[in-house]
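A.B. asks: What follows is query05.txt; its format and atoms are compact mmCIF, C-alpha atoms.
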```
# COMPACT_ATOMS: atom_id res chain seq x y z
CA MET H 44 8.05 -17.62 1.03
CA ALA H 45 5.51 -15.56 2.98
CA GLY H 46 5.13 -12.13 4.55
CA ILE H 47 4.12 -10.54 7.86
CA TYR H 48 2.24 -7.24 8.10
CA LEU H 49 2.01 -5.38 11.42
CA HIS H 50 -0.62 -2.65 11.72
CA ILE H 51 0.49 0.07 14.13
CA PRO H 52 -2.78 1.98 14.75
CA PHE H 53 -1.53 5.31 16.08
CA CYS H 54 -1.06 8.77 14.55
CA LYS H 55 -0.19 12.20 15.91
CA GLN H 56 -3.18 13.70 14.11
CA ALA H 57 -5.84 12.72 11.59
CA CYS H 58 -5.09 13.46 7.95
CA HIS H 59 -8.19 14.87 6.30
CA TYR H 60 -8.28 12.20 3.55
CA CYS H 61 -7.43 9.06 5.55
CA ASP H 62 -9.97 6.36 6.42
CA PHE H 63 -7.50 3.73 7.66
CA HIS H 64 -7.91 2.52 11.23
CA PHE H 65 -5.89 4.58 13.72
CA SER H 66 -6.12 6.44 17.01
CA THR H 67 -4.61 9.79 17.97
CA SER H 68 -4.74 8.82 21.66
CA MET H 69 -1.51 7.21 22.84
CA GLY H 70 -2.94 6.09 26.19
CA HIS H 71 -3.20 2.44 25.16
CA LYS H 72 -0.18 2.33 22.85
CA THR H 73 2.00 0.15 25.08
CA ALA H 74 -0.84 -2.31 25.73
CA THR H 75 -1.61 -2.52 22.01
CA ILE H 76 2.02 -3.18 21.03
CA ASP H 77 2.24 -5.89 23.70
CA ALA H 78 -0.97 -7.40 22.31
CA ILE H 79 0.46 -7.44 18.78
CA ALA H 80 3.47 -9.36 20.10
CA ARG H 81 1.12 -11.83 21.79
CA GLU H 82 -0.95 -12.21 18.61
CA LEU H 83 2.22 -13.21 16.78
CA GLU H 84 2.64 -16.00 19.34
CA LEU H 85 -1.00 -17.09 19.05
CA ARG H 86 -0.76 -17.27 15.26
CA ARG H 87 2.71 -18.71 14.87
CA ASP H 88 1.31 -21.67 12.90
CA TYR H 89 -0.79 -19.64 10.45
CA LEU H 90 1.87 -19.66 7.73
CA GLN H 91 2.66 -23.36 8.30
CA GLY H 92 6.40 -22.97 8.59
CA GLN H 93 6.92 -20.93 5.43
CA THR H 94 10.04 -18.78 5.42
CA ILE H 95 9.33 -15.09 5.96
CA GLU H 96 10.62 -13.04 3.03
CA THR H 97 9.06 -9.68 3.96
CA ILE H 98 8.10 -7.85 7.14
CA TYR H 99 6.07 -4.66 6.81
CA PHE H 100 5.24 -2.13 9.53
CA GLY H 101 2.17 -0.20 8.32
CA GLY H 102 -0.43 1.98 9.91
CA GLY H 103 -1.19 4.41 11.25
CA THR H 104 2.30 5.74 11.77
CA PRO H 105 4.85 3.03 12.65
CA SER H 106 7.59 5.65 13.01
CA LEU H 107 5.91 6.49 16.34
CA LEU H 108 7.22 3.20 17.74
CA THR H 109 9.97 3.56 20.33
CA GLN H 110 13.20 1.66 19.84
CA ASP H 111 12.16 -0.84 22.54
CA GLU H 112 8.73 -1.40 20.95
CA LEU H 113 10.21 -1.96 17.51
CA GLN H 114 12.83 -4.36 18.83
CA LEU H 115 10.18 -6.26 20.82
CA LEU H 116 8.12 -6.90 17.68
CA LEU H 117 11.08 -7.77 15.46
CA GLN H 118 12.62 -10.09 18.04
CA THR H 119 9.27 -11.82 18.58
CA ILE H 120 9.03 -12.48 14.83
CA LYS H 121 12.59 -13.84 14.72
CA ASP H 122 11.90 -16.09 17.73
CA LEU H 123 8.69 -17.53 16.27
CA PHE H 124 9.29 -17.69 12.51
CA ILE H 125 12.00 -18.63 10.05
CA VAL H 126 13.10 -15.27 8.65
CA SER H 127 15.15 -15.10 5.47
CA ALA H 128 18.62 -13.60 5.90
CA THR H 129 17.77 -11.26 3.01
CA ALA H 130 14.26 -10.36 4.20
CA GLU H 131 12.89 -6.99 3.15
CA ILE H 132 11.93 -5.17 6.38
CA SER H 133 9.91 -2.04 5.63
CA LEU H 134 8.59 0.68 7.89
CA GLU H 135 6.16 3.46 7.00
CA ALA H 136 7.22 6.81 8.41
CA ASN H 137 6.16 10.43 8.57
CA PRO H 138 8.83 13.01 7.73
CA ASP H 139 8.54 14.81 11.06
CA ASP H 140 9.55 11.61 12.91
CA LEU H 141 12.70 10.95 10.90
CA LYS H 142 15.27 12.91 12.83
CA PRO H 143 18.88 11.68 12.51
CA GLU H 144 18.82 9.88 15.86
CA LYS H 145 15.55 8.12 14.95
CA LEU H 146 17.01 7.01 11.64
CA GLN H 147 19.99 5.49 13.43
CA GLU H 148 17.63 3.58 15.74
CA LEU H 149 15.69 2.21 12.77
CA LYS H 150 18.88 1.22 10.99
CA ALA H 151 20.22 -0.53 14.09
CA ALA H 152 16.94 -2.42 14.56
CA GLY H 153 17.23 -3.93 11.09
CA ILE H 154 14.84 -1.78 9.04
CA ASN H 155 16.24 -1.85 5.49
CA ARG H 156 13.45 -0.12 3.56
CA LEU H 157 11.71 3.15 4.44
CA SER H 158 8.30 4.18 3.11
CA ILE H 159 7.97 7.93 3.72
CA GLY H 160 4.59 9.68 3.45
CA LEU H 161 5.56 12.96 1.83
CA GLN H 162 2.25 13.40 -0.11
CA SER H 163 3.23 16.84 -1.47
CA PHE H 164 5.97 19.46 -1.38
CA HIS H 165 3.41 22.28 -1.70
CA GLU H 166 2.79 23.85 1.70
CA PRO H 167 -0.90 24.81 1.16
CA HIS H 168 -1.67 21.26 0.03
CA LEU H 169 0.02 19.78 3.11
CA ARG H 170 -2.07 22.08 5.34
CA MET H 171 -5.26 21.22 3.46
CA MET H 172 -4.57 17.50 4.05
CA ASN H 173 -3.69 18.22 7.72
CA ARG H 174 -0.29 16.58 7.45
CA ALA H 175 1.90 16.77 10.56
CA HIS H 176 4.97 17.86 8.58
CA ASN H 177 5.95 20.73 6.32
CA ALA H 178 7.67 20.84 2.94
CA THR H 179 11.08 21.56 4.45
CA GLU H 180 10.84 18.42 6.57
CA SER H 181 9.86 16.43 3.47
CA LEU H 182 13.10 17.34 1.76
CA GLN H 183 15.34 17.09 4.81
CA CYS H 184 14.15 13.69 6.04
CA VAL H 185 14.94 12.00 2.73
CA LYS H 186 18.43 13.50 2.69
CA ASP H 187 18.95 12.48 6.32
CA ALA H 188 17.77 8.93 5.57
CA GLN H 189 20.21 8.68 2.69
CA ALA H 190 23.01 10.00 4.89
CA ALA H 191 22.09 7.38 7.51
CA GLY H 192 22.74 4.64 4.95
CA PHE H 193 19.23 3.84 3.72
CA ASN H 194 19.52 2.96 0.03
CA ASN H 195 16.02 1.57 -0.48
CA ILE H 196 13.59 4.45 0.04
CA THR H 197 10.07 4.85 -1.28
CA VAL H 198 7.99 8.00 -0.95
CA ASP H 199 4.25 8.59 -1.34
CA LEU H 200 2.76 11.42 -3.37
CA ILE H 201 -0.89 12.35 -3.90
CA TYR H 202 -2.21 13.79 -7.17
CA GLY H 203 -5.62 15.09 -8.19
CA ILE H 204 -5.61 17.72 -5.44
CA PRO H 205 -7.79 20.68 -6.52
CA ALA H 206 -5.65 23.35 -8.20
CA PRO H 207 -6.03 25.95 -10.99
CA ASP H 208 -3.74 23.97 -13.32
CA HIS H 209 -1.03 21.29 -13.31
CA SER H 210 1.89 23.51 -12.35
CA ILE H 211 1.93 22.45 -8.67
CA TRP H 212 1.89 18.77 -9.64
CA LEU H 213 4.71 19.29 -12.14
CA LYS H 214 6.74 21.11 -9.47
CA ASP H 215 6.12 18.29 -6.98
CA LEU H 216 7.43 15.77 -9.51
CA GLU H 217 10.46 17.93 -10.29
CA THR H 218 11.30 18.10 -6.57
CA LEU H 219 10.73 14.36 -6.22
CA PHE H 220 13.18 13.46 -8.97
CA SER H 221 15.82 15.73 -7.43
CA LEU H 222 15.81 13.50 -4.33
CA ASP H 223 16.98 10.42 -6.24
CA VAL H 224 14.86 7.86 -4.36
CA GLN H 225 14.46 4.29 -5.59
CA HIS H 226 10.67 3.91 -5.46
CA VAL H 227 7.56 6.09 -5.60
CA SER H 228 3.91 5.31 -4.82
CA CYS H 229 1.40 7.80 -6.26
CA TYR H 230 -2.29 7.81 -5.39
CA ALA H 231 -5.18 9.92 -6.59
CA LEU H 232 -6.86 11.93 -3.85
CA THR H 233 -9.93 9.87 -2.98
CA ILE H 234 -12.78 11.42 -1.01
CA GLU H 235 -13.97 8.81 1.48
CA PRO H 236 -17.29 9.51 3.29
CA ASP H 237 -16.00 9.06 6.84
CA THR H 238 -13.18 11.61 6.59
CA ALA H 239 -12.95 15.37 7.05
CA LEU H 240 -12.79 15.88 3.27
CA GLY H 241 -15.77 13.59 2.82
CA ARG H 242 -17.86 15.53 5.32
CA TRP H 243 -16.78 18.88 3.90
CA SER H 244 -17.57 17.70 0.38
CA LYS H 245 -21.06 16.64 1.44
CA LYS H 246 -21.65 20.08 2.99
CA GLY H 247 -20.29 21.90 -0.07
CA LYS H 248 -17.23 23.19 1.81
CA PHE H 249 -14.78 21.25 -0.37
CA THR H 250 -14.96 20.64 -4.10
CA PRO H 251 -12.96 17.64 -5.37
CA SER H 252 -11.14 17.79 -8.69
CA GLU H 253 -12.99 16.74 -11.82
CA ASP H 254 -12.17 13.23 -13.05
CA ASP H 255 -10.62 14.63 -16.24
CA PHE H 256 -8.23 16.82 -14.21
CA THR H 257 -7.12 13.84 -12.12
CA ALA H 258 -6.74 11.66 -15.23
CA GLN H 259 -4.55 14.33 -16.85
CA GLN H 260 -2.31 14.35 -13.77
CA PHE H 261 -2.03 10.58 -13.96
CA GLU H 262 -0.96 10.85 -17.61
CA ILE H 263 1.62 13.49 -16.65
CA LEU H 264 2.85 11.12 -13.94
CA LEU H 265 3.32 8.24 -16.41
CA GLU H 266 5.20 10.44 -18.85
CA GLN H 267 7.49 11.93 -16.20
CA MET H 268 8.23 8.59 -14.54
CA ALA H 269 9.22 7.02 -17.84
CA GLN H 270 11.47 9.97 -18.67
CA HIS H 271 13.29 9.59 -15.36
CA GLY H 272 13.92 5.85 -15.63
CA PHE H 273 11.15 4.56 -13.37
CA VAL H 274 9.26 1.38 -14.24
CA GLN H 275 5.52 1.33 -13.57
CA TYR H 276 5.22 -2.21 -12.23
CA GLU H 277 1.79 -1.62 -10.67
CA ILE H 278 -0.76 1.10 -11.43
CA SER H 279 0.23 3.23 -8.43
CA ASN H 280 3.82 2.07 -7.98
CA PHE H 281 7.02 3.02 -9.78
CA CYS H 282 10.60 1.98 -9.18
CA LYS H 283 14.10 2.08 -10.51
CA PRO H 284 14.95 -1.36 -11.96
CA GLY H 285 15.34 -3.94 -9.21
CA TYR H 286 13.64 -1.89 -6.47
CA GLU H 287 10.11 -3.26 -6.58
CA SER H 288 8.47 -3.56 -3.16
CA LYS H 289 8.80 -7.27 -2.44
CA HIS H 290 6.06 -7.13 0.16
CA ASN H 291 3.45 -5.42 -1.98
CA SER H 292 4.45 -7.42 -5.04
CA ASN H 293 3.74 -10.56 -3.06
CA TYR H 294 0.22 -9.27 -2.31
CA TRP H 295 -0.39 -8.86 -6.03
CA ARG H 296 1.04 -12.31 -6.77
CA GLY H 297 -1.12 -14.10 -4.22
CA VAL H 298 1.66 -14.98 -1.77
CA HIS H 299 0.43 -15.88 1.72
CA TYR H 300 0.78 -13.34 4.52
CA LEU H 301 -0.05 -12.96 8.19
CA GLY H 302 -1.50 -9.63 9.31
CA VAL H 303 -1.38 -8.75 13.02
CA GLY H 304 -2.77 -5.80 14.92
CA PRO H 305 -6.16 -4.05 14.94
CA SER H 306 -7.81 -4.07 11.46
CA ALA H 307 -5.03 -6.20 9.91
CA HIS H 308 -5.89 -8.73 7.19
CA SER H 309 -4.37 -12.17 6.59
CA PHE H 310 -4.46 -14.49 3.58
CA ASN H 311 -3.49 -18.16 3.32
CA GLY H 312 -4.65 -19.03 -0.19
CA HIS H 313 -8.12 -20.33 0.65
CA SER H 314 -9.39 -17.79 3.19
CA ARG H 315 -9.04 -14.22 4.39
CA GLN H 316 -9.04 -13.16 8.02
CA TYR H 317 -9.97 -9.66 9.23
CA ASN H 318 -9.04 -8.42 12.70
CA VAL H 319 -11.43 -6.12 14.54
CA ALA H 320 -10.76 -2.42 13.85
CA ASN H 321 -10.98 -1.35 17.49
CA ASN H 322 -7.91 -1.06 19.73
CA ARG H 323 -9.71 -1.76 23.02
CA LYS H 324 -11.64 -4.77 21.74
CA TYR H 325 -8.47 -6.07 20.13
CA THR H 326 -6.29 -5.86 23.24
CA GLU H 327 -9.02 -7.32 25.47
CA ALA H 328 -9.52 -10.33 23.18
CA ILE H 329 -5.80 -10.99 22.82
CA GLY H 330 -5.53 -10.79 26.62
CA GLN H 331 -8.02 -13.66 26.74
CA GLN H 332 -5.92 -15.66 24.25
CA THR H 333 -8.45 -15.27 21.43
CA ILE H 334 -8.11 -13.70 17.98
CA PRO H 335 -10.79 -11.00 17.46
CA SER H 336 -11.36 -11.62 13.78
CA GLU H 337 -13.73 -12.78 11.08
CA ILE H 338 -12.80 -15.47 8.56
CA GLU H 339 -14.00 -15.46 4.97
CA GLU H 340 -13.64 -18.77 3.14
CA LEU H 341 -12.92 -18.13 -0.53
CA THR H 342 -14.74 -20.00 -3.29
CA LEU H 343 -12.96 -20.72 -6.57
CA GLY H 344 -14.84 -17.73 -8.00
CA ASP H 345 -13.58 -15.52 -5.17
CA GLN H 346 -10.03 -16.70 -5.76
CA ALA H 347 -10.36 -16.07 -9.50
CA ASN H 348 -11.61 -12.55 -8.87
CA ASP H 349 -8.83 -11.83 -6.38
CA TYR H 350 -6.24 -13.02 -8.88
CA LEU H 351 -7.78 -10.91 -11.63
CA LEU H 352 -8.05 -7.83 -9.40
CA THR H 353 -4.43 -7.93 -8.28
CA THR H 354 -2.54 -9.16 -11.35
CA LEU H 355 -4.31 -6.95 -13.87
CA ARG H 356 -2.89 -3.90 -12.06
CA THR H 357 0.69 -5.08 -12.57
CA ILE H 358 3.35 -5.15 -15.25
CA TRP H 359 3.22 -8.96 -15.13
CA GLY H 360 -0.40 -9.06 -16.24
CA CYS H 361 -3.12 -11.65 -15.69
CA ASP H 362 -2.22 -15.19 -16.78
CA LEU H 363 -5.42 -16.48 -18.36
CA VAL H 364 -4.19 -20.09 -18.46
CA HIS H 365 -3.46 -19.94 -14.73
CA MET H 366 -6.98 -18.63 -14.17
CA ARG H 367 -8.48 -21.50 -16.15
CA ASP H 368 -6.32 -24.28 -14.68
CA ASN H 369 -6.36 -23.17 -11.04
CA TYR H 370 -9.74 -21.47 -10.59
CA SER H 371 -11.81 -23.14 -13.33
CA TYR H 372 -12.55 -19.74 -14.87
CA ASP H 373 -11.95 -19.35 -18.61
CA VAL H 374 -11.97 -15.58 -19.12
CA GLN H 375 -11.49 -15.84 -22.87
CA ALA H 376 -14.46 -18.15 -23.30
CA SER H 377 -16.69 -16.08 -21.00
CA HIS H 378 -15.75 -12.62 -22.29
CA ASN H 379 -14.38 -13.16 -25.79
CA ILE H 380 -16.27 -10.25 -27.41
CA TYR H 381 -15.46 -7.87 -24.54
CA LEU H 382 -11.75 -8.77 -24.71
CA GLN H 383 -11.78 -8.08 -28.43
CA GLU H 384 -13.37 -4.68 -27.76
CA LEU H 385 -10.71 -3.85 -25.16
CA GLN H 386 -7.97 -4.64 -27.66
CA HIS H 387 -9.70 -2.75 -30.47
CA LYS H 388 -9.98 0.34 -28.22
CA GLU H 389 -6.31 -0.07 -27.22
CA LEU H 390 -7.26 -0.52 -23.56
CA ALA H 391 -5.67 -3.97 -23.27
CA THR H 392 -3.44 -6.46 -25.05
CA ILE H 393 -3.14 -10.24 -24.89
CA LYS H 394 0.23 -11.86 -25.48
CA ASP H 395 1.02 -15.54 -24.85
CA ASN H 396 -2.31 -15.90 -23.01
CA VAL H 397 -1.48 -13.05 -20.60
CA LEU H 398 -3.84 -10.06 -20.39
CA TYR H 399 -2.23 -6.65 -19.92
CA LEU H 400 -3.78 -3.19 -19.55
CA THR H 401 -2.38 -0.38 -21.68
CA ASP H 402 -1.76 3.09 -20.24
CA LYS H 403 -5.24 4.06 -21.48
CA GLY H 404 -6.68 0.94 -19.89
CA LYS H 405 -5.08 1.67 -16.54
CA LEU H 406 -7.29 4.75 -16.25
CA LEU H 407 -10.29 2.39 -16.37
CA ALA H 408 -8.74 -0.51 -14.44
CA ASP H 409 -11.46 -0.78 -11.78
CA GLN H 410 -14.30 -0.90 -14.31
CA ILE H 411 -12.50 -3.35 -16.62
CA THR H 412 -11.74 -5.66 -13.72
CA LEU H 413 -15.36 -5.53 -12.54
CA ASP H 414 -16.56 -6.34 -16.05
CA LEU H 415 -14.32 -9.43 -16.16
CA PHE H 416 -15.20 -10.78 -12.71
CA ALA H 417 -16.51 -14.31 -12.41
CA GLU H 418 -20.23 -14.39 -11.62
```
Could you spell out this file's structure in structure tokens?
C.D. replies:
Amino acid sequence: MAGIYLHIPFCKQACHYCDFHFSTSMGHKTATIDAIARELELRRDYLQGQTIETIYFGGGTPSLLTQDELQLLLQTIKDLFIVSATAEISLEANPDDLKPEKLQELKAAGINRLSIGLQSFHEPHLRMMNRAHNATESLQCVKDAQAAGFNNITVDLIYGIPAPDHSIWLKDLETLFSLDVQHVSCYALTIEPDTALGRWSKKGKFTPSEDDFTAQQFEILLEQMAQHGFVQYEISNFCKPGYESKHNSNYWRGVHYLGVGPSAHSFNGHSRQYNVANNRKYTEAIGQQTIPSEIEELTLGDQANDYLLTTLRTIWGCDLVHMRDNYSYDVQASHNIYLQELQHKELATIKDNVLYLTDKGKLLADQITLDLFAE
């Protein structure tokens, strides 16, 4: 089984925290979508005939696609690849795009999982992030999606937004649980240099939350999710039993995937491929029947580190025997004392040769992973 990711690089406006590749100019949208369809044709052999289990429209804002554009891309995939009859077909959407008629179009096209970028239900926070929707639209779009027959909905929330206390975050979570969605992705507000928040922070016009404040909100999140029956199957992802994101879970399990569109990444087990993050350069290259990308061949050490980085974030943990047998990296032999320290500090556990992070350890996941990397 394999997956296909399509990067739709267009947004109505720039969110103040986002450093993904996108454009707010729609002048070249049609040409770019046509180029993505042509890239699918050019790379039809990349996955070597594997059945497609997941299709994911990311961005950017894929809910800006017209019905014709969406059908063009989906039909091209079905014409070129073997697609499972039970494939998970996800589309990221902004609340302001999900009017009832749009939801019917998405349903008719075959979208069976919606990923809705709510981010917050607190109006001042939405304005601070420069979101294109308001809190009322956040609530209404989820209800409309449910009424349209979508029964696999995930929403995004952001925590660690500067505030006097945790009351806004607690209220956001209360509102979230009232919506009865199947999946939630929660991310700490990260200040990236090449964003509005990054520039304001550098000039002293914006003060990010202290790390302790953000960590406390993460701990609140874990407690509330557990109380409401959600399973934390990856550090930032929570679901009702049986509603894990197949597509993202496959990323974390090392399943092969083809990424098409400007800035999209691909992975085939032994290499990664990175498309150029420039719409004009992308469409021009595709028009000349070439793929505008760089290829990174992965050493065994690279593969070991990728496996460690992805699996350690998940409920399934990092299989140390798999690491040793497949990547020639014996973590226990190389870091025996450090692993003992992690267990002593209750940051990690090892059971049946699988390394798991505890809730305390998840707060330090990036540092622990870096410490365990192969040289």
A.B. asks: Might you pull out every residue within 6 Å of segment 286-298 of chain H, with only C-alpha atoms counted and same-chain residues fewer than 2 positions away left off, and present them as a list in words?
C.D. replies: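 So, after excluding close chain neighbours, the residues are Thr97, Cys282, Lys283, Pro284, Thr353 and Thr354 of chain H.
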A.B. asks: For atom CA of Phe164 of chain H and atom CA of Pro52 of chain H, determine how far apart the two atoms are, in Å to one decimal place.
C.D. replies: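 The value is 25.3 Å.
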A.B. asks: What is the atom CA of Gly101 of chain H to atom CA of Val303 of chain H distance in Å?
C.D. replies: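 Atom-to-atom, atom CA of Gly101 of chain H and atom CA of Val303 of chain H are spaced 10.4 Å apart.
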A.B. asks: What's around Asn194 of chain H at 9 Å? Count all atoms listed in the file, leave out sequence neighbours fewer than 5 positions away in its own chain, and write the answer as a list in words.
C.D. replies: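 The contact residues come out as Asn155, Arg156, Leu157, Ala188, Gln189, Val224 and Gln225 of chain H.
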A.B. asks: Would you mind reading off the distance between atom CA of Pro105 of chain H and atom CA of Ala152 of chain H, one decimal, in Å?
C.D. replies: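 Between these atoms lies a distance of 13.4 Å.
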A.B. asks: Taking 5 positions as the minimum chain separation for residues in the same chain, which residues sit within 12 Å of Val198 of chain H when counting all atoms listed in the file? Answer as number ranges by chain.
C.D. replies: H: 134-138, 156-164, 181-182, 184-185, 188, 216, 219-220, 222-230, 279-282, 288
A.B. asks: For Ile51 of chain H, work out the shell of residues within 9 Å, counting all atoms listed in the file and skipping chain neighbours fewer than 2 positions away, then give it as an mmCIF file with C-alpha atoms, in the coordinates of the input.
C.D. replies:
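Output saved as result-v9.cif:
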```cif
data_model
loop_
_atom_site.group_PDB
_atom_site.id
_atom_site.type_symbol
_atom_site.label_atom_id
_atom_site.label_comp_id
_atom_site.auth_asym_id
_atom_site.auth_seq_id
_atom_site.Cartn_x
_atom_site.Cartn_y
_atom_site.Cartn_z
ATOM 1 C CA LEU H 49 2.010 -5.380 11.420
ATOM 2 C CA PHE H 53 -1.530 5.310 16.080
ATOM 3 C CA CYS H 54 -1.060 8.770 14.550
ATOM 4 C CA PHE H 65 -5.890 4.580 13.720
ATOM 5 C CA THR H 75 -1.610 -2.520 22.010
ATOM 6 C CA ILE H 76 2.020 -3.180 21.030
ATOM 7 C CA ILE H 79 0.460 -7.440 18.780
ATOM 8 C CA PHE H 100 5.240 -2.130 9.530
ATOM 9 C CA GLY H 101 2.170 -0.200 8.320
ATOM 10 C CA GLY H 102 -0.430 1.980 9.910
ATOM 11 C CA GLY H 103 -1.190 4.410 11.250
ATOM 12 C CA THR H 104 2.300 5.740 11.770
ATOM 13 C CA PRO H 105 4.850 3.030 12.650
ATOM 14 C CA LEU H 107 5.910 6.490 16.340
ATOM 15 C CA LEU H 108 7.220 3.200 17.740
ATOM 16 C CA GLY H 304 -2.770 -5.800 14.920
ATOM 17 C CA PRO H 305 -6.160 -4.050 14.940
#
```
A.B. asks: Have a look at H:Glu327, H:Asp77, H:Glu337, H:Glu253 and name the one nearest to Gly203 of chain H; count all atoms listed in the file.
C.D. replies: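 Using all atoms listed in the file, the shortest distance to Gly203 of chain H belongs to H:Glu253.
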A.B. asks: Out of H:Asn348, H:Thr333, H:Thr257, H:Thr73, which residue has the shortest atom-to-atom distance to Pro205 of chain H when counting only C-alpha atoms?
C.D. replies: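 Counting only C-alpha atoms, the residue closest to Pro205 of chain H is H:Thr257.
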A.B. asks: Which is closest to Glu340 of chain H among H:Thr129, H:Asn311, H:Gln259, H:Gln56, if we use only C-alpha atoms?
C.D. replies: H:Asn311
A.B. asks: Excluding same-chain residues fewer than 5 positions from Tyr48 of chain H, what lies within 6 Å of it counting only C-alpha atoms, as a ChimeraX atom specification?
C.D. replies: /H:98-99,302
A.B. asks: Mind writing the picked residues with C-alpha atoms as a PDB file, keeping the file's coordinate frame?
C.D. replies:
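Result file again_16.pdb:
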```
ATOM      1  CA  ILE H  98       8.100  -7.850   7.140  1.00  0.00           C
ATOM      2  CA  TYR H  99       6.070  -4.660   6.810  1.00  0.00           C
ATOM      3  CA  GLY H 302      -1.500  -9.630   9.310  1.00  0.00           C
TER       4      GLY H 302
END
```
